[in-house]
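Chemist: Pasting structure39.cif below, which is mmCIF, C-alpha atoms; chains and numbers go by the auth columns.
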```cif
data_structure
loop_
_atom_site.group_PDB
_atom_site.id
_atom_site.type_symbol
_atom_site.label_atom_id
_atom_site.label_comp_id
_atom_site.label_asym_id
_atom_site.label_seq_id
_atom_site.Cartn_x
_atom_site.Cartn_y
_atom_site.Cartn_z
_atom_site.B_iso_or_equiv
_atom_site.auth_seq_id
_atom_site.auth_asym_id
ATOM 1 C CA MET A 1 131.657 121.418 30.530 0.00 15 Z
ATOM 2 C CA ASN A 2 130.349 118.265 28.860 0.00 16 Z
ATOM 3 C CA LYS A 3 126.675 118.759 27.966 0.00 17 Z
ATOM 4 C CA LYS A 4 126.282 115.024 27.354 0.00 18 Z
ATOM 5 C CA ALA A 5 126.115 114.581 31.121 0.00 19 Z
ATOM 6 C CA MET A 6 122.458 115.647 30.834 0.00 20 Z
ATOM 7 C CA TYR A 7 121.790 112.502 28.793 0.00 21 Z
ATOM 8 C CA LYS A 8 122.639 110.375 31.839 0.00 22 Z
ATOM 9 C CA LEU A 9 119.544 111.607 33.673 0.00 23 Z
ATOM 10 C CA SER A 10 116.722 109.075 33.686 0.00 24 Z
ATOM 11 C CA TYR A 11 113.411 110.162 32.155 0.00 25 Z
ATOM 12 C CA GLY A 12 109.973 108.657 31.845 0.00 26 Z
ATOM 13 C CA LEU A 13 107.641 109.459 28.936 0.00 27 Z
ATOM 14 C CA PHE A 14 104.100 110.754 29.234 0.00 28 Z
ATOM 15 C CA VAL A 15 101.132 112.112 27.310 0.00 29 Z
ATOM 16 C CA LEU A 16 100.165 115.353 29.055 0.00 30 Z
ATOM 17 C CA THR A 17 96.539 116.348 28.439 0.00 31 Z
ATOM 18 C CA ALA A 18 94.442 119.440 29.132 0.00 32 Z
ATOM 19 C CA LYS A 19 90.957 120.734 28.297 0.00 33 Z
ATOM 20 C CA GLU A 20 89.670 124.260 27.780 0.00 34 Z
ATOM 21 C CA GLY A 21 86.032 124.744 26.859 0.00 35 Z
ATOM 22 C CA ASP A 22 85.224 122.124 24.213 0.00 36 Z
ATOM 23 C CA LYS A 23 88.887 121.753 23.192 0.00 37 Z
ATOM 24 C CA ASP A 24 90.904 118.685 24.272 0.00 38 Z
ATOM 25 C CA ASN A 25 94.627 118.613 23.627 0.00 39 Z
ATOM 26 C CA GLY A 26 97.789 116.722 24.547 0.00 40 Z
ATOM 27 C CA CYS A 27 101.534 116.592 24.015 0.00 41 Z
ATOM 28 C CA ILE A 28 104.497 114.338 24.797 0.00 42 Z
ATOM 29 C CA VAL A 29 106.618 115.279 27.831 0.00 43 Z
ATOM 30 C CA ASN A 30 109.375 113.599 29.833 0.00 44 Z
ATOM 31 C CA THR A 31 109.341 115.759 32.960 0.00 45 Z
ATOM 32 C CA ALA A 32 106.530 114.479 35.223 0.00 46 Z
ATOM 33 C CA ILE A 33 107.553 113.409 38.747 0.00 47 Z
ATOM 34 C CA GLN A 34 106.041 112.946 42.186 0.00 48 Z
ATOM 35 C CA ALA A 35 107.052 116.116 44.017 0.00 49 Z
ATOM 36 C CA ALA A 36 105.729 115.289 47.514 0.00 50 Z
ATOM 37 C CA SER A 37 103.735 112.589 49.313 0.00 51 Z
ATOM 38 C CA THR A 38 101.825 114.576 51.974 0.00 52 Z
ATOM 39 C CA PRO A 39 99.822 115.968 50.351 0.00 53 Z
ATOM 40 C CA ASN A 40 100.387 113.832 47.267 0.00 54 Z
ATOM 41 C CA GLN A 41 101.730 116.234 44.635 0.00 55 Z
ATOM 42 C CA VAL A 42 103.007 115.907 41.073 0.00 56 Z
ATOM 43 C CA SER A 43 105.025 118.410 39.056 0.00 57 Z
ATOM 44 C CA VAL A 44 105.483 118.670 35.308 0.00 58 Z
ATOM 45 C CA CYS A 45 107.658 121.027 33.253 0.00 59 Z
ATOM 46 C CA VAL A 46 106.162 122.097 29.920 0.00 60 Z
ATOM 47 C CA ASN A 47 107.745 124.006 27.049 0.00 61 Z
ATOM 48 C CA LYS A 48 106.059 127.388 26.618 0.00 62 Z
ATOM 49 C CA ALA A 49 105.857 126.761 22.847 0.00 63 Z
ATOM 50 C CA ASN A 50 103.328 123.964 23.438 0.00 64 Z
ATOM 51 C CA TYR A 51 99.638 124.787 23.203 0.00 65 Z
ATOM 52 C CA THR A 52 99.013 122.383 26.111 0.00 66 Z
ATOM 53 C CA HIS A 53 101.155 124.702 28.256 0.00 67 Z
ATOM 54 C CA ASP A 54 98.822 127.641 27.602 0.00 68 Z
ATOM 55 C CA MET A 55 95.718 125.550 28.313 0.00 69 Z
ATOM 56 C CA ILE A 56 97.076 124.404 31.694 0.00 70 Z
ATOM 57 C CA MET A 57 98.109 127.963 32.537 0.00 71 Z
ATOM 58 C CA ARG A 58 94.547 129.148 31.995 0.00 72 Z
ATOM 59 C CA THR A 59 92.599 126.188 33.463 0.00 73 Z
ATOM 60 C CA GLY A 60 94.853 124.903 36.274 0.00 74 Z
ATOM 61 C CA LEU A 61 94.189 121.237 35.450 0.00 75 Z
ATOM 62 C CA PHE A 62 96.195 118.494 33.752 0.00 76 Z
ATOM 63 C CA THR A 63 96.317 114.719 33.439 0.00 77 Z
ATOM 64 C CA VAL A 64 99.440 112.628 32.888 0.00 78 Z
ATOM 65 C CA SER A 65 99.113 109.322 30.997 0.00 79 Z
ATOM 66 C CA ILE A 66 102.207 107.200 31.698 0.00 80 Z
ATOM 67 C CA ILE A 67 103.500 105.577 28.509 0.00 81 Z
ATOM 68 C CA GLY A 68 104.298 101.836 28.673 0.00 82 Z
ATOM 69 C CA GLN A 69 106.791 99.710 26.799 0.00 83 Z
ATOM 70 C CA ASP A 70 103.978 98.406 24.556 0.00 84 Z
ATOM 71 C CA ALA A 71 103.486 101.856 23.006 0.00 85 Z
ATOM 72 C CA THR A 72 104.194 102.277 19.297 0.00 86 Z
ATOM 73 C CA PHE A 73 105.926 105.127 17.502 0.00 87 Z
ATOM 74 C CA ASP A 74 102.513 106.221 16.184 0.00 88 Z
ATOM 75 C CA LEU A 75 101.592 107.426 19.685 0.00 89 Z
ATOM 76 C CA PHE A 76 104.642 109.705 19.761 0.00 90 Z
ATOM 77 C CA LYS A 77 103.960 110.991 16.245 0.00 91 Z
ATOM 78 C CA HIS A 78 100.320 111.689 17.030 0.00 92 Z
ATOM 79 C CA PHE A 79 100.933 113.773 20.142 0.00 93 Z
ATOM 80 C CA GLY A 80 104.473 115.004 19.465 0.00 94 Z
ATOM 81 C CA PHE A 81 104.720 115.998 15.800 0.00 95 Z
ATOM 82 C CA ALA A 82 101.851 118.502 15.462 0.00 96 Z
ATOM 83 C CA THR A 83 100.534 121.461 17.409 0.00 97 Z
ATOM 84 C CA GLY A 84 97.107 121.639 18.974 0.00 98 Z
ATOM 85 C CA ARG A 85 96.844 125.211 17.718 0.00 99 Z
ATOM 86 C CA GLU A 86 96.370 123.812 14.201 0.00 100 Z
ATOM 87 C CA VAL A 87 94.919 120.298 14.606 0.00 101 Z
ATOM 88 C CA ASP A 88 92.443 118.529 16.860 0.00 102 Z
ATOM 89 C CA LYS A 89 94.547 115.641 18.167 0.00 103 Z
ATOM 90 C CA PHE A 90 91.554 113.843 19.643 0.00 104 Z
ATOM 91 C CA ALA A 91 89.194 114.260 16.660 0.00 105 Z
ATOM 92 C CA ASP A 92 89.820 110.747 15.291 0.00 106 Z
ATOM 93 C CA PHE A 93 91.661 109.273 18.286 0.00 107 Z
ATOM 94 C CA ALA A 94 89.677 106.355 19.728 0.00 108 Z
ATOM 95 C CA ASP A 95 92.065 105.191 22.476 0.00 109 Z
ATOM 96 C CA ALA A 96 91.029 107.699 25.128 0.00 110 Z
ATOM 97 C CA ALA A 97 88.583 108.023 28.023 0.00 111 Z
ATOM 98 C CA ARG A 98 87.545 110.889 30.264 0.00 112 Z
ATOM 99 C CA ALA A 99 88.726 111.055 33.869 0.00 113 Z
ATOM 100 C CA GLU A 100 86.791 112.469 36.830 0.00 114 Z
ATOM 101 C CA ASN A 101 88.319 115.924 36.275 0.00 115 Z
ATOM 102 C CA GLY A 102 86.815 116.035 32.768 0.00 116 Z
ATOM 103 C CA LEU A 103 90.148 115.608 30.958 0.00 117 Z
ATOM 104 C CA LEU A 104 90.961 112.794 28.543 0.00 118 Z
ATOM 105 C CA TYR A 105 93.606 110.183 29.276 0.00 119 Z
ATOM 106 C CA VAL A 106 95.164 107.720 26.808 0.00 120 Z
ATOM 107 C CA THR A 107 94.058 104.096 27.210 0.00 121 Z
ATOM 108 C CA LYS A 108 96.350 102.269 24.748 0.00 122 Z
ATOM 109 C CA GLY A 109 100.140 102.140 25.101 0.00 123 Z
ATOM 110 C CA THR A 110 99.891 103.487 28.658 0.00 124 Z
ATOM 111 C CA ASN A 111 99.892 101.807 32.073 0.00 125 Z
ATOM 112 C CA ALA A 112 98.362 104.463 34.365 0.00 126 Z
ATOM 113 C CA TYR A 113 97.050 107.999 34.539 0.00 127 Z
ATOM 114 C CA ILE A 114 97.222 110.709 37.205 0.00 128 Z
ATOM 115 C CA SER A 115 94.972 113.780 37.338 0.00 129 Z
ATOM 116 C CA VAL A 116 96.258 116.946 38.997 0.00 130 Z
ATOM 117 C CA LYS A 117 94.896 120.332 40.113 0.00 131 Z
ATOM 118 C CA VAL A 118 97.611 122.994 39.876 0.00 132 Z
ATOM 119 C CA THR A 119 98.453 124.828 43.102 0.00 133 Z
ATOM 120 C CA GLN A 120 101.547 126.738 41.997 0.00 134 Z
ATOM 121 C CA THR A 121 103.393 127.668 38.808 0.00 135 Z
ATOM 122 C CA VAL A 122 107.103 128.438 38.486 0.00 136 Z
ATOM 123 C CA ASP A 123 108.597 130.298 35.491 0.00 137 Z
ATOM 124 C CA LEU A 124 111.745 128.456 34.364 0.00 138 Z
ATOM 125 C CA GLY A 125 112.551 130.432 31.223 0.00 139 Z
ATOM 126 C CA SER A 126 111.826 128.179 28.240 0.00 140 Z
ATOM 127 C CA HIS A 127 109.473 126.059 30.394 0.00 141 Z
ATOM 128 C CA SER A 128 106.901 126.490 33.137 0.00 142 Z
ATOM 129 C CA MET A 129 106.733 124.066 36.041 0.00 143 Z
ATOM 130 C CA PHE A 130 103.210 123.230 37.171 0.00 144 Z
ATOM 131 C CA VAL A 131 102.910 121.724 40.666 0.00 145 Z
ATOM 132 C CA GLY A 132 99.627 120.408 41.986 0.00 146 Z
ATOM 133 C CA GLU A 133 97.713 117.968 44.149 0.00 147 Z
ATOM 134 C CA VAL A 134 96.607 114.592 42.785 0.00 148 Z
ATOM 135 C CA THR A 135 92.819 114.405 42.473 0.00 149 Z
ATOM 136 C CA ASP A 136 92.461 111.017 40.762 0.00 150 Z
ATOM 137 C CA MET A 137 94.644 108.163 39.481 0.00 151 Z
ATOM 138 C CA GLU A 138 94.233 104.625 38.133 0.00 152 Z
ATOM 139 C CA VAL A 139 96.436 101.733 36.984 0.00 153 Z
ATOM 140 C CA LEU A 140 95.605 100.619 33.432 0.00 154 Z
ATOM 141 C CA SER A 141 98.053 97.734 32.894 0.00 155 Z
ATOM 142 C CA ASP A 142 101.064 95.922 34.374 0.00 156 Z
ATOM 143 C CA VAL A 143 103.298 96.697 31.362 0.00 157 Z
ATOM 144 C CA PRO A 144 106.527 98.414 32.544 0.00 158 Z
ATOM 145 C CA SER A 145 106.854 102.131 31.954 0.00 159 Z
ATOM 146 C CA ALA A 146 108.856 103.256 28.911 0.00 160 Z
ATOM 147 C CA THR A 147 111.910 105.299 29.788 0.00 161 Z
ATOM 148 C CA TYR A 148 113.523 107.744 27.396 0.00 162 Z
ATOM 149 C CA GLU A 149 116.368 105.222 26.968 0.00 163 Z
ATOM 150 C CA TYR A 150 113.874 102.445 26.134 0.00 164 Z
ATOM 151 C CA TYR A 151 112.184 104.709 23.579 0.00 165 Z
ATOM 152 C CA MET A 152 115.487 105.439 21.824 0.00 166 Z
ATOM 153 C CA ALA A 153 116.514 101.753 21.759 0.00 167 Z
ATOM 154 C CA ASN A 154 113.209 100.004 21.022 0.00 168 Z
ATOM 155 C CA ILE A 155 110.450 102.353 19.805 0.00 169 Z
ATOM 156 C CA LYS A 156 111.999 105.123 17.751 0.00 170 Z
ATOM 157 C CA PRO A 157 112.747 104.016 14.147 0.00 171 Z
ATOM 158 C CA LYS A 158 116.444 103.448 13.492 0.00 172 Z
ATOM 159 C CA LYS A 159 118.399 105.727 11.182 0.00 173 Z
ATOM 160 C CA PRO A 160 120.374 104.245 8.256 0.00 174 Z
ATOM 161 C CA ALA A 161 124.133 103.663 8.465 0.00 175 Z
ATOM 162 C CA PRO A 162 126.481 106.687 8.168 0.00 176 Z
ATOM 163 C CA ALA A 163 126.951 108.034 4.652 0.00 177 Z
ATOM 164 C CA PRO A 164 130.118 108.900 2.687 0.00 178 Z
ATOM 165 C CA ALA A 165 132.231 111.980 3.453 0.00 179 Z
ATOM 166 C CA PRO A 166 131.345 115.309 1.807 0.00 180 Z
ATOM 167 C CA GLU A 167 134.271 115.142 -0.590 0.00 181 Z
ATOM 168 C CA ALA A 168 132.631 112.064 -2.091 0.00 182 Z
ATOM 169 C CA GLY A 169 129.641 114.193 -3.058 0.00 183 Z
ATOM 170 C CA GLY A 170 127.717 114.112 0.209 0.00 184 Z
ATOM 171 C CA LYS A 171 125.855 116.861 2.046 0.00 185 Z
ATOM 172 C CA THR A 172 125.738 117.698 5.724 0.00 186 Z
ATOM 173 C CA VAL A 173 122.461 117.511 7.648 0.00 187 Z
ATOM 174 C CA TRP A 174 121.615 117.756 11.342 0.00 188 Z
ATOM 175 C CA VAL A 175 119.168 115.048 12.430 0.00 189 Z
ATOM 176 C CA CYS A 176 116.874 115.447 15.431 0.00 190 Z
ATOM 177 C CA LYS A 177 117.417 112.435 17.676 0.00 191 Z
ATOM 178 C CA ILE A 178 113.836 112.685 18.919 0.00 192 Z
ATOM 179 C CA CYS A 179 111.753 112.765 15.724 0.00 193 Z
ATOM 180 C CA ASN A 180 114.324 112.415 12.865 0.00 194 Z
ATOM 181 C CA TYR A 181 113.628 115.875 11.403 0.00 195 Z
ATOM 182 C CA GLU A 182 116.567 116.985 9.219 0.00 196 Z
ATOM 183 C CA TYR A 183 118.123 120.456 9.027 0.00 197 Z
ATOM 184 C CA GLU A 184 120.424 120.871 6.026 0.00 198 Z
ATOM 185 C CA GLY A 185 123.566 122.966 6.488 0.00 199 Z
ATOM 186 C CA GLU A 186 127.153 122.809 7.665 0.00 200 Z
ATOM 187 C CA GLU A 187 126.336 124.461 11.006 0.00 201 Z
ATOM 188 C CA LEU A 188 123.228 124.240 13.178 0.00 202 Z
ATOM 189 C CA PRO A 189 122.276 127.558 14.858 0.00 203 Z
ATOM 190 C CA PRO A 190 122.862 127.202 18.628 0.00 204 Z
ATOM 191 C CA ASP A 191 119.355 128.479 19.410 0.00 205 Z
ATOM 192 C CA TYR A 192 117.655 126.251 16.819 0.00 206 Z
ATOM 193 C CA ILE A 193 114.392 124.555 17.865 0.00 207 Z
ATOM 194 C CA CYS A 194 113.088 121.490 16.001 0.00 208 Z
ATOM 195 C CA PRO A 195 109.929 122.586 14.129 0.00 209 Z
ATOM 196 C CA LEU A 196 108.291 119.192 14.681 0.00 210 Z
ATOM 197 C CA CYS A 197 109.006 118.078 18.267 0.00 211 Z
ATOM 198 C CA LYS A 198 110.275 121.423 19.690 0.00 212 Z
ATOM 199 C CA HIS A 199 113.542 119.983 21.056 0.00 213 Z
ATOM 200 C CA PRO A 200 116.658 122.208 21.111 0.00 214 Z
ATOM 201 C CA ALA A 201 119.947 122.051 19.199 0.00 215 Z
ATOM 202 C CA GLU A 202 121.466 119.737 21.833 0.00 216 Z
ATOM 203 C CA ASP A 203 119.178 116.946 20.576 0.00 217 Z
ATOM 204 C CA PHE A 204 120.512 117.087 16.985 0.00 218 Z
ATOM 205 C CA GLU A 205 123.418 115.065 15.597 0.00 219 Z
ATOM 206 C CA LYS A 206 125.526 115.818 12.538 0.00 220 Z
ATOM 207 C CA VAL A 207 125.249 113.333 9.664 0.00 221 Z
ATOM 208 C CA VAL A 208 126.812 113.389 6.194 0.00 222 Z
ATOM 209 C CA LYS A 209 124.472 112.023 3.539 0.00 223 Z
ATOM 210 C CA PRO A 210 125.417 110.961 0.006 0.00 224 Z
ATOM 211 C CA ALA A 211 124.544 113.269 -2.845 0.00 225 Z
ATOM 212 C CA ASP A 212 121.158 112.555 -4.368 0.00 226 Z
ATOM 213 C CA PRO A 213 121.488 110.223 -7.356 0.00 227 Z
ATOM 214 C CA ALA A 214 120.237 111.358 -10.715 0.00 228 Z
ATOM 215 C CA PRO A 215 116.514 110.623 -10.764 0.00 229 Z
ATOM 216 C CA ALA A 216 115.369 107.771 -12.940 0.00 230 Z
ATOM 217 C CA PRO A 217 113.117 108.844 -15.790 0.00 231 Z
ATOM 218 C CA ALA A 218 109.502 108.717 -14.743 0.00 232 Z
ATOM 219 C CA PRO A 219 106.987 106.716 -16.760 0.00 233 Z
ATOM 220 C CA ALA A 220 104.761 108.674 -19.105 0.00 234 Z
ATOM 221 C CA GLU A 221 101.222 109.334 -17.950 0.00 235 Z
ATOM 222 C CA ASP A 222 99.809 107.376 -20.868 0.00 236 Z
ATOM 223 C CA ALA A 223 101.888 104.379 -19.756 0.00 237 Z
ATOM 224 C CA GLY A 224 99.901 104.126 -16.537 0.00 238 Z
ATOM 225 C CA GLY A 225 101.856 106.516 -14.272 0.00 239 Z
ATOM 226 C CA LYS A 226 100.251 108.966 -11.873 0.00 240 Z
ATOM 227 C CA THR A 227 101.530 112.222 -10.450 0.00 241 Z
ATOM 228 C CA VAL A 228 101.894 112.690 -6.699 0.00 242 Z
ATOM 229 C CA TRP A 229 103.454 115.419 -4.577 0.00 243 Z
ATOM 230 C CA VAL A 230 105.562 113.994 -1.735 0.00 244 Z
ATOM 231 C CA CYS A 231 106.291 115.923 1.467 0.00 245 Z
ATOM 232 C CA LYS A 232 110.067 115.888 1.991 0.00 246 Z
ATOM 233 C CA ILE A 233 109.559 116.239 5.749 0.00 247 Z
ATOM 234 C CA CYS A 234 107.183 113.387 6.622 0.00 248 Z
ATOM 235 C CA GLY A 235 106.539 111.502 3.334 0.00 249 Z
ATOM 236 C CA TYR A 236 102.849 112.377 3.021 0.00 250 Z
ATOM 237 C CA GLU A 237 101.602 112.087 -0.595 0.00 251 Z
ATOM 238 C CA TYR A 238 99.129 114.391 -2.372 0.00 252 Z
ATOM 239 C CA GLU A 239 97.782 112.948 -5.619 0.00 253 Z
ATOM 240 C CA GLY A 240 97.169 115.362 -8.474 0.00 254 Z
ATOM 241 C CA GLU A 241 98.791 117.112 -11.422 0.00 255 Z
ATOM 242 C CA GLU A 242 99.116 120.406 -9.546 0.00 256 Z
ATOM 243 C CA LEU A 243 99.628 121.139 -5.856 0.00 257 Z
ATOM 244 C CA PRO A 244 97.534 124.096 -4.599 0.00 258 Z
ATOM 245 C CA PRO A 245 99.896 127.023 -3.854 0.00 259 Z
ATOM 246 C CA ASP A 246 98.474 127.430 -0.329 0.00 260 Z
ATOM 247 C CA TYR A 247 98.498 123.699 0.460 0.00 261 Z
ATOM 248 C CA ILE A 248 99.662 122.668 3.955 0.00 262 Z
ATOM 249 C CA CYS A 249 100.751 119.095 4.751 0.00 263 Z
ATOM 250 C CA PRO A 250 98.017 117.578 6.978 0.00 264 Z
ATOM 251 C CA LEU A 251 100.617 115.581 8.927 0.00 265 Z
ATOM 252 C CA CYS A 252 103.615 117.833 9.621 0.00 266 Z
ATOM 253 C CA LYS A 253 102.039 121.204 8.668 0.00 267 Z
ATOM 254 C CA HIS A 254 104.817 122.167 6.227 0.00 268 Z
ATOM 255 C CA PRO A 255 103.997 124.293 3.121 0.00 269 Z
ATOM 256 C CA VAL A 256 104.198 123.530 -0.610 0.00 270 Z
ATOM 257 C CA ASP A 257 107.899 124.483 -0.667 0.00 271 Z
ATOM 258 C CA ASP A 258 108.612 121.214 1.123 0.00 272 Z
ATOM 259 C CA PHE A 259 106.876 119.021 -1.492 0.00 273 Z
ATOM 260 C CA GLU A 260 108.425 117.483 -4.584 0.00 274 Z
ATOM 261 C CA LYS A 261 106.668 116.189 -7.703 0.00 275 Z
ATOM 262 C CA VAL A 262 106.977 112.461 -8.442 0.00 276 Z
ATOM 263 C CA VAL A 263 105.442 110.346 -11.206 0.00 277 Z
ATOM 264 C CA LYS A 264 104.651 106.870 -9.927 0.00 278 Z
#
```
Output the file's structure in the form of structure tokens.
Modeler:
Amino acid sequence: MNKKAMYKLSYGLFVLTAKEGDKDNGCIVNTAIQAASTPNQVSVCVNKANYTHDMIMRTGLFTVSIIGQDATFDLFKHFGFATGREVDKFADFADAARAENGLLYVTKGTNAYISVKVTQTVDLGSHSMFVGEVTDMEVLSDVPSATYEYYMANIKPKKPAPAPAPEAGGKTVWVCKICNYEYEGEELPPDYICPLCKHPAEDFEKVVKPADPAPAPAPAEDAGGKTVWVCKICGYEYEGEELPPDYICPLCKHPVDDFEKVVK
């Protein structure tokens, strides 16, 4: 059986939003479809690891913002690389408005939104499928919708060219094709889930990277250098001589073990 056949399926891309109490949240999904026309119904499959999943399960409401080809990678990072259990994704997000059902929809990088009231839920194992009747919808722009294929070819940042073989001093990593997260090791566990975008092992590819070169000597502090701590996962920089032992990266939520000290 060739699992790559699954890649031939055509997917759209969406920001799925929910609201519970005063909490708004959203995540990136690629599984929203029109399920029936009379009555007009939409279904969406959501990974149970997503906080948005739990909010929809409890409230029975969701809104789908359809991502357009004018969207930037920042939109995918904002809603796809962090969990709503730990961050408020709409706290400093200006490109949103509230629909009639009280949920937020995304106004920039999208071409339409559809609001749905859930009428049935199906347990699919790793995901739940929510099916419901459309209660509101609007067209926001005439920009074509972004497919998963368009995202991979035109929005997602490109990876560098393949590196030398391991015998030349390289190391093996498994790179998530969705968000570029890297898992280091000769073998990727078959049940591995990307800690950033929550995609499974099937969405990783094996890459051999060259061995890290010997670091260049850093300039002395009295020569004008400054010390920063760089997150090896997302590149976020913390400036200071010492990194607090309980520090958590504000972008990718990784701990101090994933930071390295650099003098700039």
Chemist: Have a look at atom CA of Z:Lys170 and atom CA of Z:Leu89 and let me know their distance in Å, one decimal.
Modeler: 10.8 Å
Chemist: Nearest to Z:Trp188: which of Z:Leu210, Z:Ala215, Z:Val221, Z:Ala111 is it, counting all atoms listed in the file?
Modeler: Z:Val221
Chemist: Please evaluate the PyMOL selection byres ((chain Z and resi 122-135) around 8) against the structure above and give the resulting residues as a count of residues only.
Modeler: 43
Chemist: Could you state which residues are captured by the PyMOL selection byres ((chain Z and resi 34-48) around 9) in this file, as an MDAnalysis selection string?
Modeler: chainID Z and resid 25:33 49:51 54:61 64:66 69:70 72:73 78 90 92:98 102:105 117:118 161:162 211
Chemist: Go ahead and compute the interatomic distance for atom CA of Z:Glu163 and atom CA of Z:Met20, in Å to one decimal.
Modeler: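 Taking atom CA of Z:Glu163 as the start and atom CA of Z:Met20 as the end point, the length is 12.7 Å.
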Chemist: Once the PyMOL selection byres ((chain Z and resi 207-209) around 9) has been applied to the shown file, what residues remain in the selection, as an mmCIF file with C-alpha atoms, keeping the file's coordinate frame?
Modeler:
```
data_model
loop_
_atom_site.group_PDB
_atom_site.id
_atom_site.type_symbol
_atom_site.label_atom_id
_atom_site.label_comp_id
_atom_site.auth_asym_id
_atom_site.auth_seq_id
_atom_site.Cartn_x
_atom_site.Cartn_y
_atom_site.Cartn_z
ATOM 1 C CA PHE Z 95 104.720 115.998 15.800
ATOM 2 C CA CYS Z 190 116.874 115.447 15.431
ATOM 3 C CA CYS Z 193 111.753 112.765 15.724
ATOM 4 C CA TYR Z 195 113.628 115.875 11.403
ATOM 5 C CA GLU Z 196 116.567 116.985 9.219
ATOM 6 C CA TYR Z 197 118.123 120.456 9.027
ATOM 7 C CA PRO Z 203 122.276 127.558 14.858
ATOM 8 C CA PRO Z 204 122.862 127.202 18.628
ATOM 9 C CA ASP Z 205 119.355 128.479 19.410
ATOM 10 C CA TYR Z 206 117.655 126.251 16.819
ATOM 11 C CA LEU Z 210 108.291 119.192 14.681
ATOM 12 C CA CYS Z 211 109.006 118.078 18.267
ATOM 13 C CA LYS Z 212 110.275 121.423 19.690
ATOM 14 C CA HIS Z 213 113.542 119.983 21.056
ATOM 15 C CA PRO Z 214 116.658 122.208 21.111
ATOM 16 C CA ALA Z 215 119.947 122.051 19.199
ATOM 17 C CA ASP Z 217 119.178 116.946 20.576
ATOM 18 C CA PHE Z 218 120.512 117.087 16.985
#
```
Chemist: Hey, what's within 9 Å of Z:Val187 if we count all atoms listed in the file and toss same-chain stuff fewer than 3 positions away? As a list in words, please?
Modeler: Glu196, Tyr197, Glu198, Gly199, Glu200, Glu201, Leu202, Glu219, Lys220, Val221, Val222 and Lys223 of chain Z
Chemist: Leaving out Z:Gly254 and any residue of its chain fewer than 5 positions from it, which residues lie within 10 Å of it when counting only C-alpha atoms, given as a PyMOL selection string?
Modeler: chain Z and resi 240-243+275
Chemist: Write a file of the selected residues as a PDB file, keeping the file's coordinate frame, keeping C-alpha atoms.
Modeler:
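New file selection.pdb:
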```
ATOM      1  CA  LYS Z 240     100.251 108.966 -11.873  1.00  0.00           C
ATOM      2  CA  THR Z 241     101.530 112.222 -10.450  1.00  0.00           C
ATOM      3  CA  VAL Z 242     101.894 112.690  -6.699  1.00  0.00           C
ATOM      4  CA  TRP Z 243     103.454 115.419  -4.577  1.00  0.00           C
ATOM      5  CA  LYS Z 275     106.668 116.189  -7.703  1.00  0.00           C
TER       6      LYS Z 275
END
```
Chemist: How many Å lie between atom CA of Z:Gly139 and atom CA of Z:Lys62, rounded to one decimal?
Modeler: 8.5 Å
Chemist: Considering all atoms listed in the file, state which residue in the set Z:Lys246, Z:Lys22, Z:Lys91, Z:His67 is at the smallest distance from Z:Cys263.
Modeler: Z:Lys246
